[in-house]
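Chemist: Just one file: work_34.pdb, with PDB, C-alpha atoms.
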```
MODEL        1
ATOM      1  CA  MET W   1      -0.983  28.579  68.211
ATOM      2  CA  PRO W   2       2.263  30.494  67.618
ATOM      3  CA  SER W   3       2.356  34.148  68.602
ATOM      4  CA  ASN W   4       4.698  37.080  68.582
ATOM      5  CA  ILE W   5       4.895  40.646  69.778
ATOM      6  CA  GLU W   6       5.223  43.075  66.927
ATOM      7  CA  ILE W   7       5.528  46.747  66.220
ATOM      8  CA  LYS W   8       5.807  48.771  63.029
ATOM      9  CA  ALA W   9       7.323  52.223  62.488
ATOM     10  CA  ARG W  10       8.089  54.526  59.608
ATOM     11  CA  ALA W  11      11.849  54.731  58.975
ATOM     12  CA  SER W  12      13.062  58.233  59.835
ATOM     13  CA  ASP W  13      16.743  57.684  58.944
ATOM     14  CA  TRP W  14      16.911  54.636  56.664
ATOM     15  CA  ASP W  15      20.685  54.449  56.170
ATOM     16  CA  GLU W  16      21.447  54.840  59.872
ATOM     17  CA  GLN W  17      18.715  52.400  60.925
ATOM     18  CA  LEU W  18      19.956  49.841  58.390
ATOM     19  CA  LYS W  19      23.498  50.198  59.748
ATOM     20  CA  ARG W  20      22.276  49.832  63.349
ATOM     21  CA  ALA W  21      20.203  46.737  62.517
ATOM     22  CA  GLU W  22      23.205  45.070  60.904
ATOM     23  CA  SER W  23      25.354  45.959  63.910
ATOM     24  CA  LEU W  24      22.783  44.557  66.358
ATOM     25  CA  ALA W  25      22.422  41.344  64.327
ATOM     26  CA  GLY W  26      26.143  40.941  63.744
ATOM     27  CA  SER W  27      25.513  39.863  60.154
ATOM     28  CA  PRO W  28      24.109  41.236  56.886
ATOM     29  CA  PRO W  29      20.396  40.908  56.130
ATOM     30  CA  LYS W  30      18.598  38.255  54.172
ATOM     31  CA  PHE W  31      16.792  39.901  51.232
ATOM     32  CA  THR W  32      13.374  38.780  50.078
ATOM     33  CA  ARG W  33      10.832  40.221  47.655
ATOM     34  CA  GLN W  34       7.282  39.574  48.786
ATOM     35  CA  THR W  35       3.856  40.154  47.325
ATOM     36  CA  ASP W  36       1.105  39.845  49.929
ATOM     37  CA  THR W  37      -2.476  39.513  48.695
ATOM     38  CA  PHE W  38      -5.064  40.042  51.441
ATOM     39  CA  PHE W  39      -8.501  38.426  51.356
ATOM     40  CA  VAL W  40     -11.732  39.250  53.145
ATOM     41  CA  ALA W  41     -11.847  37.128  56.297
ATOM     42  CA  PRO W  42     -14.649  36.987  58.890
ATOM     43  CA  SER W  43     -12.070  36.979  61.696
ATOM     44  CA  GLY W  44      -8.568  38.466  61.661
ATOM     45  CA  ARG W  45      -6.599  38.719  58.445
ATOM     46  CA  LEU W  46      -5.854  36.219  55.694
ATOM     47  CA  LYS W  47      -3.052  36.758  53.203
ATOM     48  CA  LEU W  48      -1.129  34.789  50.663
ATOM     49  CA  ARG W  49       2.558  35.740  50.547
ATOM     50  CA  LEU W  50       4.208  35.027  47.202
ATOM     51  CA  PHE W  51       8.000  34.861  46.800
ATOM     52  CA  GLU W  52       9.958  35.323  43.570
ATOM     53  CA  ASP W  53      10.477  31.559  43.127
ATOM     54  CA  HIS W  54       6.654  31.023  43.123
ATOM     55  CA  SER W  55       6.716  29.440  46.578
ATOM     56  CA  GLY W  56       4.886  31.175  49.383
ATOM     57  CA  GLU W  57       2.892  31.076  52.567
ATOM     58  CA  LEU W  58      -0.773  31.235  53.423
ATOM     59  CA  ILE W  59      -0.985  33.230  56.656
ATOM     60  CA  SER W  60      -3.899  33.802  58.996
ATOM     61  CA  TYR W  61      -3.319  36.189  61.874
ATOM     62  CA  LYS W  62      -5.172  38.132  64.543
ATOM     63  CA  ARG W  63      -3.873  41.274  66.238
ATOM     64  CA  GLN W  64      -5.034  44.667  67.418
ATOM     65  CA  ASP W  65      -4.363  47.713  65.255
ATOM     66  CA  THR W  66      -2.594  49.843  67.859
ATOM     67  CA  SER W  67       0.622  51.810  67.473
ATOM     68  CA  GLY W  68       2.555  50.205  70.348
ATOM     69  CA  PRO W  69       3.731  46.620  70.797
ATOM     70  CA  LYS W  70       0.912  44.178  70.150
ATOM     71  CA  SER W  71       0.382  40.448  70.330
ATOM     72  CA  SER W  72      -0.228  38.622  67.068
ATOM     73  CA  ASP W  73      -1.494  35.032  66.936
ATOM     74  CA  TYR W  74      -0.871  33.345  63.609
ATOM     75  CA  VAL W  75      -0.975  30.155  61.575
ATOM     76  CA  ILE W  76       1.259  29.676  58.518
ATOM     77  CA  ALA W  77       1.106  27.028  55.784
ATOM     78  CA  SER W  78       4.103  26.776  53.435
ATOM     79  CA  LEU W  79       3.234  26.457  49.759
ATOM     80  CA  GLN W  80       5.313  25.209  46.842
ATOM     81  CA  GLN W  81       2.925  26.430  44.120
ATOM     82  CA  ALA W  82       1.758  29.637  45.792
ATOM     83  CA  ASP W  83       0.968  31.358  42.507
ATOM     84  CA  GLU W  84      -1.532  28.587  41.709
ATOM     85  CA  VAL W  85      -3.065  28.797  45.205
ATOM     86  CA  LEU W  86      -3.340  32.572  44.744
ATOM     87  CA  ALA W  87      -5.275  32.005  41.512
ATOM     88  CA  VAL W  88      -7.667  29.601  43.280
ATOM     89  CA  LEU W  89      -8.261  31.895  46.261
ATOM     90  CA  SER W  90      -8.676  34.971  44.051
ATOM     91  CA  HIS W  91     -11.257  33.093  41.994
ATOM     92  CA  SER W  92     -13.454  32.439  45.038
ATOM     93  CA  LEU W  93     -12.642  35.101  47.628
ATOM     94  CA  GLU W  94     -12.817  38.870  47.558
ATOM     95  CA  THR W  95      -9.405  40.517  47.784
ATOM     96  CA  VAL W  96      -8.762  43.462  50.091
ATOM     97  CA  GLY W  97      -5.522  44.599  48.476
ATOM     98  CA  THR W  98      -1.988  43.709  47.474
ATOM     99  CA  VAL W  99       1.250  44.857  49.099
ATOM    100  CA  LYS W 100       4.611  44.552  47.332
ATOM    101  CA  LYS W 101       7.820  44.971  49.284
ATOM    102  CA  LEU W 102      11.530  44.354  49.390
ATOM    103  CA  ARG W 103      12.296  43.081  52.871
ATOM    104  CA  ARG W 104      15.645  42.968  54.633
ATOM    105  CA  VAL W 105      15.512  40.510  57.544
ATOM    106  CA  PHE W 106      17.853  40.531  60.534
ATOM    107  CA  TRP W 107      17.721  38.269  63.613
ATOM    108  CA  VAL W 108      18.586  39.625  67.059
ATOM    109  CA  GLY W 109      17.905  36.968  69.699
ATOM    110  CA  HIS W 110      14.211  36.050  69.431
ATOM    111  CA  THR W 111      13.443  39.140  67.348
ATOM    112  CA  ARG W 112      13.152  39.483  63.592
ATOM    113  CA  ILE W 113      13.944  43.004  62.460
ATOM    114  CA  HIS W 114      12.476  43.797  59.049
ATOM    115  CA  LEU W 115      13.514  46.860  57.079
ATOM    116  CA  ASP W 116      10.859  47.098  54.392
ATOM    117  CA  GLU W 117      10.688  49.148  51.220
ATOM    118  CA  VAL W 118       6.975  49.064  50.459
ATOM    119  CA  GLU W 119       5.790  50.006  46.990
ATOM    120  CA  THR W 120       3.923  53.360  47.029
ATOM    121  CA  LEU W 121       4.228  53.685  50.845
ATOM    122  CA  GLY W 122       7.926  54.118  51.561
ATOM    123  CA  ARG W 123      10.335  52.658  54.096
ATOM    124  CA  PHE W 124       9.433  51.007  57.390
ATOM    125  CA  LEU W 125      10.844  48.953  60.236
ATOM    126  CA  GLU W 126       8.868  46.059  61.647
ATOM    127  CA  LEU W 127       9.998  44.088  64.687
ATOM    128  CA  GLU W 128       8.579  40.690  65.617
ATOM    129  CA  TYR W 129       9.585  39.064  68.899
ATOM    130  CA  VAL W 130       8.769  35.356  68.600
ATOM    131  CA  LEU W 131       7.290  34.148  71.883
ATOM    132  CA  VAL W 132       8.351  30.771  73.230
ATOM    133  CA  SER W 133       5.447  28.629  74.471
ATOM    134  CA  GLY W 134       4.348  29.898  77.885
ATOM    135  CA  GLU W 135       6.539  33.006  77.729
ATOM    136  CA  ASN W 136       5.119  36.183  79.245
ATOM    137  CA  PRO W 137       4.240  38.658  76.444
ATOM    138  CA  ASP W 138       5.650  41.487  78.602
ATOM    139  CA  THR W 139       9.116  40.099  77.828
ATOM    140  CA  GLY W 140       8.490  40.617  74.111
ATOM    141  CA  ASP W 141       7.030  44.085  74.673
ATOM    142  CA  ALA W 142      10.132  45.156  76.599
ATOM    143  CA  GLU W 143      12.513  43.689  74.013
ATOM    144  CA  VAL W 144      10.906  45.302  70.952
ATOM    145  CA  LEU W 145      10.821  48.666  72.737
ATOM    146  CA  ARG W 146      14.486  48.281  73.704
ATOM    147  CA  LEU W 147      15.457  47.424  70.122
ATOM    148  CA  LEU W 148      13.404  50.317  68.742
ATOM    149  CA  GLY W 149      15.461  52.602  70.966
ATOM    150  CA  GLU W 150      18.698  51.018  69.701
ATOM    151  CA  LEU W 151      17.492  51.560  66.131
ATOM    152  CA  GLY W 152      16.700  55.224  66.770
ATOM    153  CA  VAL W 153      12.959  54.880  66.192
ATOM    154  CA  ARG W 154      10.937  57.761  67.611
ATOM    155  CA  PRO W 155       7.496  57.182  69.211
ATOM    156  CA  GLU W 156       5.880  59.487  66.647
ATOM    157  CA  ASP W 157       7.035  57.109  63.884
ATOM    158  CA  HIS W 158       5.047  54.139  65.265
ATOM    159  CA  GLN W 159       2.318  52.853  62.945
ATOM    160  CA  SER W 160      -0.904  51.138  63.968
ATOM    161  CA  GLY W 161      -2.228  49.076  61.054
ATOM    162  CA  ALA W 162      -1.052  46.762  58.322
ATOM    163  CA  TYR W 163       0.523  47.993  55.098
ATOM    164  CA  VAL W 164      -2.688  47.112  53.267
ATOM    165  CA  ASP W 165      -4.590  49.511  55.574
ATOM    166  CA  MET W 166      -2.091  52.285  54.817
ATOM    167  CA  LEU W 167      -2.600  51.731  51.087
ATOM    168  CA  HIS W 168      -6.356  52.133  51.500
ATOM    169  CA  SER W 169      -6.019  55.327  53.496
ATOM    170  CA  LYS W 170      -3.707  56.890  50.888
TER
ENDMDL
END
```
Mind turning this structure into structure tokens?

Modeler:
Amino acid sequence: MPSNIEIKARASDWDEQLKRAESLAGSPPKFTRQTDTFFVAPSGRLKLRLFEDHSGELISYKRQDTSGPKSSDYVIASLQQADEVLAVLSHSLETVGTVKKLRRVFWVGHTRIHLDEVETLGRFLELEYVLVSGENPDTGDAEVLRLLGELGVRPEDHQSGAYVDMLHSK
């Protein structure tokens, strides 16, 4: 099962952090608008991610809700007619919530840096270090913490849960 090390933080200086991410990546970001609909799942989280072209991904993942770097195990299925799959799932499963965001994606080595503008929540950075099979997770922990430092992210800006959890606590 694929896994990554991830961490999320509130953006404290959006323009500067965007500039630093582009400098670290050496290229401009890829932009994507995403709508994530979360469903009740007996284990972990289940969401359907819908893109503007009606394609998407069905994603199941398990991770702890802590504010530091954390391991996330996931399975992703690509979908061509994601809006139709969303209708089917919504018909049978209880939804937990929906998160809409504009995501800027940068790659730095094995790490995806996301700068997210999340509807009703604000601006965030999310880093995901993609672990290679058999790789020690400590390597990912060290790399995301190093990159957070390069991006000027303060420890007090770290976030523990998913965006959908933040929406519920608002």

Chemist: For Ala82 of chain W, which of W:Tyr61, W:Phe106, W:Phe51, W:Phe124 is the closest residue, counting only C-alpha atoms?

Modeler: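 Of the candidates, the smallest distance to Ala82 of chain W is held by W:Phe51.
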
Chemist: Output the residue selection produced by the PyMOL selection byres ((chain W and resi 9) around 10) on the file above, formatted as JSON, numbers by chain.

Modeler: {"W": [7, 8, 10, 11, 12, 67, 68, 115, 123, 124, 125, 126, 127, 148, 153, 154, 155, 156, 157, 158, 159, 160]}

Chemist: Could you expand the PyMOL selection byres ((chain W and resi 29-32) around 6) into the explicit residues it covers here, written as a list in words?

Modeler: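 Answer for the PyMOL selection byres ((chain W and resi 29-32) around 6): Pro28, Arg33, Leu102, Arg103, Arg104, Val105 and Phe106 of chain W.
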
Chemist: I'd like the contact shell of Val96 of chain W - 10 Å cut-off, all atoms listed in the file, skipping same-chain residues fewer than 4 positions apart - returned as a ChimeraX atom specification.

Modeler: /W:37-41,45-47,164-165,168

Chemist: State, in Å with one decimal place, the distance from atom CA of Asn136 of chain W to atom CA of Ser23 of chain W.

Modeler: 27.2 Å

Chemist: Could you expand the PyMOL selection byres ((chain W and resi 48) around 7) into the explicit residues it covers here, written as number ranges by chain?

Modeler: W: 36-38, 47, 49-50, 57-59, 86

Chemist: So that all listed atoms of segment 52-55 of chain W fit with 4 Å spare on each side, what axis-aligned box centre and edge lengths in Å, to one decimal, would you give as JSON?

Modeler:
```
{"center_x": 8.6, "center_y": 32.4, "center_z": 44.9, "size_x": 11.8, "size_y": 13.9, "size_z": 11.5}
```

Chemist: If we draw a sphere of 8 Å around (-2.2, 30.3, 60.6), which residues have at least one atom in it when counting only C-alpha atoms? Please report them as a list in words.

Modeler: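 Checking each residue against the 8 Å limit leaves Met1, Leu58, Ile59, Ser60, Tyr61, Asp73, Tyr74, Val75, Ile76 and Ala77 of chain W.
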